[in-house]
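K.L.:
Quick one: this structure, given as structure tokens, is what I'll be asking you about.
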Amino acid sequence: MIISSTAYMQTRMLEMGLAALMVACGVTLLWPGDTFASPIYASLVRWLTEDQGGWFLSSVGILRSTALVINGRWRSSPIARIAGCLTGSGFWFTFAVSVASVDRGEGLGPPILLAMSGTLFVLEFFSALRCGTDAEALDSLRLRQARSKVSKSA
């Protein structure tokens, strides 16, 4: 059982890592203190508060982890995984835009957070594409079923 579960999860490790990072970011925002006090988060503060962001990120990360664990055992789980990946890529894109829009003094380069959030956006988007492949293989959208009905009636 443990060996089969380990082999099963190896292909989902990127998604699991991204979901864990989402939970960790959420918990960090929920931690006491003013994380958004730094000027680098100035434009992000216009869209959400620390509590909203913390609960949102934690909830989505936990739901993504759950979908990953049950993936394949429930036909619609790839759709939940796609939703989680697209939510993650949307968050990281918004974060990257927020960090990029910070007014920096003359001669200062972009912050490292821009490179990190941009990379995480790409990884989330790649994971969403992989989830789409799984959804197709499991016929989660029931497209094959619909096509077979059409071909039988023709």
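Convention: chains lettered A, B, ... in structure tokens order; per-chain residue numbering from 1; ligands numbered from 1 as shown.
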Please list as an mmCIF file with all heavy atoms, in the first residue's frame every residue within 10 Å of Trp55 (chain A), counting only C-alpha atoms and excluding residues in the same chain fewer than 4 positions away.

P.N.:
data_model
loop_
_atom_site.group_PDB
_atom_site.id
_atom_site.type_symbol
_atom_site.label_atom_id
_atom_site.label_comp_id
_atom_site.auth_asym_id
_atom_site.auth_seq_id
_atom_site.Cartn_x
_atom_site.Cartn_y
_atom_site.Cartn_z
ATOM 1 N N VAL A 23 -0.308 26.938 1.096
ATOM 2 C CA VAL A 23 -0.713 26.871 2.508
ATOM 3 C C VAL A 23 0.283 27.638 3.378
ATOM 4 O O VAL A 23 -0.113 28.398 4.267
ATOM 5 C CB VAL A 23 -0.852 25.406 2.981
ATOM 6 C CG1 VAL A 23 -1.068 25.335 4.481
ATOM 7 C CG2 VAL A 23 -1.987 24.706 2.250
ATOM 8 N N CYS A 25 2.224 30.147 2.560
ATOM 9 C CA CYS A 25 2.033 31.595 2.356
ATOM 10 C C CYS A 25 0.785 32.072 3.095
ATOM 11 O O CYS A 25 0.785 33.152 3.696
ATOM 12 C CB CYS A 25 1.931 31.917 0.871
ATOM 13 S SG CYS A 25 3.485 31.782 -0.027
ATOM 14 N N GLY A 26 -0.273 31.258 3.046
ATOM 15 C CA GLY A 26 -1.496 31.615 3.755
ATOM 16 C C GLY A 26 -1.289 31.700 5.255
ATOM 17 O O GLY A 26 -1.728 32.650 5.907
ATOM 18 N N VAL A 27 -0.602 30.718 5.811
ATOM 19 C CA VAL A 27 -0.324 30.720 7.254
ATOM 20 C C VAL A 27 0.564 31.916 7.620
ATOM 21 O O VAL A 27 0.355 32.557 8.655
ATOM 22 C CB VAL A 27 0.327 29.386 7.682
ATOM 23 C CG1 VAL A 27 0.870 29.456 9.092
ATOM 24 C CG2 VAL A 27 -0.679 28.248 7.549
ATOM 25 N N LEU A 29 0.596 34.806 6.192
ATOM 26 C CA LEU A 29 -0.245 36.008 6.212
ATOM 27 C C LEU A 29 -1.157 36.043 7.435
ATOM 28 O O LEU A 29 -1.501 37.125 7.918
ATOM 29 C CB LEU A 29 -1.087 36.095 4.939
ATOM 30 C CG LEU A 29 -0.314 36.412 3.666
ATOM 31 C CD1 LEU A 29 -1.243 36.385 2.460
ATOM 32 C CD2 LEU A 29 0.384 37.760 3.766
ATOM 33 N N LEU A 30 -1.563 34.876 7.917
ATOM 34 C CA LEU A 30 -2.424 34.824 9.100
ATOM 35 C C LEU A 30 -1.644 34.998 10.405
ATOM 36 O O LEU A 30 -2.237 35.261 11.448
ATOM 37 C CB LEU A 30 -3.195 33.496 9.136
ATOM 38 C CG LEU A 30 -4.238 33.326 8.035
ATOM 39 C CD1 LEU A 30 -4.772 31.902 8.035
ATOM 40 C CD2 LEU A 30 -5.364 34.331 8.187
ATOM 41 N N GLU A 50 -4.569 41.073 4.592
ATOM 42 C CA GLU A 50 -3.759 39.914 4.991
ATOM 43 C C GLU A 50 -4.635 38.737 5.409
ATOM 44 O O GLU A 50 -4.353 37.595 5.045
ATOM 45 C CB GLU A 50 -2.813 40.289 6.132
ATOM 46 C CG GLU A 50 -1.623 41.062 5.658
ATOM 47 C CD GLU A 50 -0.596 41.270 6.754
ATOM 48 O OE1 GLU A 50 -0.381 40.345 7.560
ATOM 49 O OE2 GLU A 50 -0.007 42.354 6.786
ATOM 50 N N ASP A 51 -5.688 39.007 6.178
ATOM 51 C CA ASP A 51 -6.575 37.924 6.613
ATOM 52 C C ASP A 51 -7.279 37.269 5.426
ATOM 53 O O ASP A 51 -7.352 36.045 5.348
ATOM 54 C CB ASP A 51 -7.619 38.442 7.613
ATOM 55 C CG ASP A 51 -7.050 38.610 9.003
ATOM 56 O OD1 ASP A 51 -5.960 38.064 9.278
ATOM 57 O OD2 ASP A 51 -7.691 39.292 9.819
ATOM 58 N N SER A 59 -6.968 27.849 2.330
ATOM 59 C CA SER A 59 -8.098 27.027 1.905
ATOM 60 C C SER A 59 -7.849 26.389 0.544
ATOM 61 O O SER A 59 -8.072 25.180 0.366
ATOM 62 C CB SER A 59 -9.378 27.872 1.841
ATOM 63 O OG SER A 59 -9.665 28.407 3.094
ATOM 64 N N VAL A 60 -7.402 27.184 -0.421
ATOM 65 C CA VAL A 60 -7.151 26.644 -1.754
ATOM 66 C C VAL A 60 -6.043 25.597 -1.703
ATOM 67 O O VAL A 60 -6.144 24.537 -2.340
ATOM 68 C CB VAL A 60 -6.820 27.770 -2.758
ATOM 69 C CG1 VAL A 60 -6.338 27.204 -4.088
ATOM 70 C CG2 VAL A 60 -8.028 28.661 -2.981
ATOM 71 N N GLY A 61 -4.991 25.846 -0.941
ATOM 72 C CA GLY A 61 -3.895 24.884 -0.820
ATOM 73 C C GLY A 61 -4.352 23.563 -0.220
ATOM 74 O O GLY A 61 -3.965 22.484 -0.697
#

K.L.:
Where does DSSP see alpha helix (DSSP H) in region 6-113 of chain A, if you list the residues as a ChimeraX atom specification?

P.N.:
/A:6-10,13-30,42-45,50-70,77-100,112-113

K.L.:
Select, from A:Ala100, A:Leu48, A:Leu57, A:Leu129, the residue with the minimum atom-to-atom distance to Leu86 (chain A), counting only C-alpha atoms.

P.N.:
A:Leu129

K.L.:
Excluding Val45 (chain A) and its own-chain neighbours fewer than 5 positions away, which residues fall within 12 Å of it when counting only C-alpha atoms? Please give them as a ChimeraX atom specification.

P.N.:
/A:29,34-40,50-53,94-95,98-99

K.L.:
With only C-alpha atoms as the counted atoms, please give the residues lying no more than 10 Å from region 123-127 of chain A, apart from itself and same-chain residues fewer than 3 positions off, as a PDB file with N, CA, C and O atoms, in the first residue's frame.

P.N.:
ATOM      1  N   ARG A  12       2.805  13.643  -8.999  1.00  0.00           N
ATOM      2  CA  ARG A  12       2.057  14.805  -8.510  1.00  0.00           C
ATOM      3  C   ARG A  12       2.871  15.684  -7.560  1.00  0.00           C
ATOM      4  O   ARG A  12       2.340  16.570  -6.930  1.00  0.00           O
ATOM      5  N   LEU A  14       5.126  18.039  -7.959  1.00  0.00           N
ATOM      6  CA  LEU A  14       5.165  19.471  -8.254  1.00  0.00           C
ATOM      7  C   LEU A  14       3.893  20.144  -7.759  1.00  0.00           C
ATOM      8  O   LEU A  14       3.955  21.166  -7.071  1.00  0.00           O
ATOM      9  N   GLU A  15       2.766  19.551  -8.078  1.00  0.00           N
ATOM     10  CA  GLU A  15       1.491  20.123  -7.623  1.00  0.00           C
ATOM     11  C   GLU A  15       1.385  20.113  -6.104  1.00  0.00           C
ATOM     12  O   GLU A  15       0.895  21.074  -5.511  1.00  0.00           O
ATOM     13  N   LEU A  18       3.514  22.915  -4.786  1.00  0.00           N
ATOM     14  CA  LEU A  18       2.875  24.219  -5.010  1.00  0.00           C
ATOM     15  C   LEU A  18       1.695  24.425  -4.054  1.00  0.00           C
ATOM     16  O   LEU A  18       1.494  25.536  -3.553  1.00  0.00           O
ATOM     17  N   ALA A  19       0.950  23.358  -3.782  1.00  0.00           N
ATOM     18  CA  ALA A  19      -0.151  23.460  -2.824  1.00  0.00           C
ATOM     19  C   ALA A  19       0.383  23.722  -1.412  1.00  0.00           C
ATOM     20  O   ALA A  19      -0.166  24.544  -0.672  1.00  0.00           O
ATOM     21  N   ARG A  81      -8.228  19.716  -9.663  1.00  0.00           N
ATOM     22  CA  ARG A  81      -6.800  20.027  -9.749  1.00  0.00           C
ATOM     23  C   ARG A  81      -6.552  21.170 -10.723  1.00  0.00           C
ATOM     24  O   ARG A  81      -5.745  22.055 -10.457  1.00  0.00           O
ATOM     25  N   ILE A  82      -7.237  21.163 -11.859  1.00  0.00           N
ATOM     26  CA  ILE A  82      -7.092  22.253 -12.830  1.00  0.00           C
ATOM     27  C   ILE A  82      -7.510  23.572 -12.189  1.00  0.00           C
ATOM     28  O   ILE A  82      -6.819  24.582 -12.322  1.00  0.00           O
ATOM     29  N   GLY A  84      -7.478  24.366  -9.051  1.00  0.00           N
ATOM     30  CA  GLY A  84      -6.447  24.750  -8.088  1.00  0.00           C
ATOM     31  C   GLY A  84      -5.224  25.346  -8.763  1.00  0.00           C
ATOM     32  O   GLY A  84      -4.679  26.361  -8.321  1.00  0.00           O
ATOM     33  N   CYS A  85      -4.780  24.725  -9.861  1.00  0.00           N
ATOM     34  CA  CYS A  85      -3.609  25.229 -10.589  1.00  0.00           C
ATOM     35  C   CYS A  85      -3.883  26.593 -11.216  1.00  0.00           C
ATOM     36  O   CYS A  85      -3.024  27.481 -11.193  1.00  0.00           O
ATOM     37  N   LEU A  86      -5.078  26.759 -11.784  1.00  0.00           N
ATOM     38  CA  LEU A  86      -5.405  28.053 -12.383  1.00  0.00           C
ATOM     39  C   LEU A  86      -5.550  29.140 -11.317  1.00  0.00           C
ATOM     40  O   LEU A  86      -5.148  30.287 -11.538  1.00  0.00           O
ATOM     41  N   THR A  87      -6.091  28.767 -10.166  1.00  0.00           N
ATOM     42  CA  THR A  87      -6.159  29.725  -9.053  1.00  0.00           C
ATOM     43  C   THR A  87      -4.751  30.099  -8.602  1.00  0.00           C
ATOM     44  O   THR A  87      -4.454  31.277  -8.379  1.00  0.00           O
ATOM     45  N   GLY A  88      -3.880  29.103  -8.491  1.00  0.00           N
ATOM     46  CA  GLY A  88      -2.490  29.369  -8.115  1.00  0.00           C
ATOM     47  C   GLY A  88      -1.777  30.232  -9.129  1.00  0.00           C
ATOM     48  O   GLY A  88      -1.082  31.193  -8.773  1.00  0.00           O
ATOM     49  N   SER A  89      -1.962  29.932 -10.424  1.00  0.00           N
ATOM     50  CA  SER A  89      -1.277  30.749 -11.434  1.00  0.00           C
ATOM     51  C   SER A  89      -1.836  32.170 -11.440  1.00  0.00           C
ATOM     52  O   SER A  89      -1.093  33.129 -11.632  1.00  0.00           O
ATOM     53  N   GLY A  90      -3.139  32.301 -11.197  1.00  0.00           N
ATOM     54  CA  GLY A  90      -3.717  33.645 -11.093  1.00  0.00           C
ATOM     55  C   GLY A  90      -3.140  34.428  -9.918  1.00  0.00           C
ATOM     56  O   GLY A  90      -2.820  35.615 -10.038  1.00  0.00           O
ATOM     57  N   PHE A  91      -2.990  33.742  -8.783  1.00  0.00           N
ATOM     58  CA  PHE A  91      -2.415  34.412  -7.615  1.00  0.00           C
ATOM     59  C   PHE A  91      -0.972  34.834  -7.879  1.00  0.00           C
ATOM     60  O   PHE A  91      -0.586  35.970  -7.615  1.00  0.00           O
ATOM     61  N   TRP A  92      -0.158  33.903  -8.399  1.00  0.00           N
ATOM     62  CA  TRP A  92       1.253  34.229  -8.616  1.00  0.00           C
ATOM     63  C   TRP A  92       1.435  35.289  -9.695  1.00  0.00           C
ATOM     64  O   TRP A  92       2.340  36.121  -9.614  1.00  0.00           O
ATOM     65  N   PHE A  93       0.562  35.303 -10.698  1.00  0.00           N
ATOM     66  CA  PHE A  93       0.620  36.359 -11.709  1.00  0.00           C
ATOM     67  C   PHE A  93       0.297  37.708 -11.079  1.00  0.00           C
ATOM     68  O   PHE A  93       0.994  38.695 -11.310  1.00  0.00           O
ATOM     69  N   SER A 117       7.990  34.748  -8.138  1.00  0.00           N
ATOM     70  CA  SER A 117       6.561  34.676  -8.435  1.00  0.00           C
ATOM     71  C   SER A 117       6.320  34.398  -9.914  1.00  0.00           C
ATOM     72  O   SER A 117       5.382  33.675 -10.265  1.00  0.00           O
ATOM     73  N   GLY A 118       7.161  34.916 -10.790  1.00  0.00           N
ATOM     74  CA  GLY A 118       7.040  34.611 -12.213  1.00  0.00           C
ATOM     75  C   GLY A 118       7.276  33.136 -12.491  1.00  0.00           C
ATOM     76  O   GLY A 118       6.554  32.505 -13.276  1.00  0.00           O
ATOM     77  N   THR A 119       8.281  32.568 -11.851  1.00  0.00           N
ATOM     78  CA  THR A 119       8.570  31.136 -12.011  1.00  0.00           C
ATOM     79  C   THR A 119       7.424  30.292 -11.472  1.00  0.00           C
ATOM     80  O   THR A 119       7.014  29.301 -12.101  1.00  0.00           O
ATOM     81  N   LEU A 120       6.897  30.667 -10.323  1.00  0.00           N
ATOM     82  CA  LEU A 120       5.772  29.916  -9.750  1.00  0.00           C
ATOM     83  C   LEU A 120       4.537  29.999 -10.643  1.00  0.00           C
ATOM     84  O   LEU A 120       3.802  29.017 -10.795  1.00  0.00           O
ATOM     85  N   ARG A 130      -0.870  19.761 -17.405  1.00  0.00           N
ATOM     86  CA  ARG A 130      -0.752  18.337 -17.058  1.00  0.00           C
ATOM     87  C   ARG A 130      -2.064  17.788 -16.508  1.00  0.00           C
ATOM     88  O   ARG A 130      -2.453  16.659 -16.799  1.00  0.00           O
ATOM     89  N   CYS A 131      -2.743  18.587 -15.719  1.00  0.00           N
ATOM     90  CA  CYS A 131      -4.046  18.167 -15.184  1.00  0.00           C
ATOM     91  C   CYS A 131      -5.047  17.985 -16.319  1.00  0.00           C
ATOM     92  O   CYS A 131      -5.893  17.092 -16.267  1.00  0.00           O
ATOM     93  N   GLY A 132      -4.953  18.832 -17.330  1.00  0.00           N
ATOM     94  CA  GLY A 132      -5.821  18.698 -18.496  1.00  0.00           C
ATOM     95  C   GLY A 132      -5.614  17.364 -19.189  1.00  0.00           C
ATOM     96  O   GLY A 132      -6.573  16.723 -19.650  1.00  0.00           O
ATOM     97  N   THR A 133      -4.370  16.920 -19.266  1.00  0.00           N
ATOM     98  CA  THR A 133      -4.063  15.608 -19.840  1.00  0.00           C
ATOM     99  C   THR A 133      -4.711  14.496 -19.013  1.00  0.00           C
ATOM    100  O   THR A 133      -5.286  13.556 -19.563  1.00  0.00           O
TER     101      THR A 133
END

K.L.:
With only C-alpha atoms as the atoms that count, which of A:Leu21, A:Leu113, A:Ala80, A:Ala137 lies nearest to Arg64 (chain A)?

P.N.:
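Answer, going by the shortest atom-to-atom distance: A:Ala80.
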
K.L.:
Using CA of Leu68 (chain A) and CA of Met13 (chain A) as the two end points, give the distance in Å to one decimal.

P.N.:
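One can read the CA of Leu68 (chain A) to CA of Met13 (chain A) distance as 9.4 Å.
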
K.L.:
Point out the residue among A:Arg142, A:Val97, A:Gly109, A:Glu136 with the least atom-to-atom distance to Ala42 (chain A), counting only C-alpha atoms.

P.N.:
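Closest residue, counting only C-alpha atoms: A:Val97.
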
K.L.:
What does the distance from CA of Ser140 (chain A) to CA of Ala67 (chain A) come to in Å, to one decimal?

P.N.:
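CA of Ser140 (chain A) sits 13.5 Å away from CA of Ala67 (chain A).
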
K.L.:
Given the choices A:Gly54, A:Leu138, A:Met116, A:Val122, which gets closest to Thr28 (chain A) if the distance is worked out from only C-alpha atoms?

P.N.:
A:Gly54
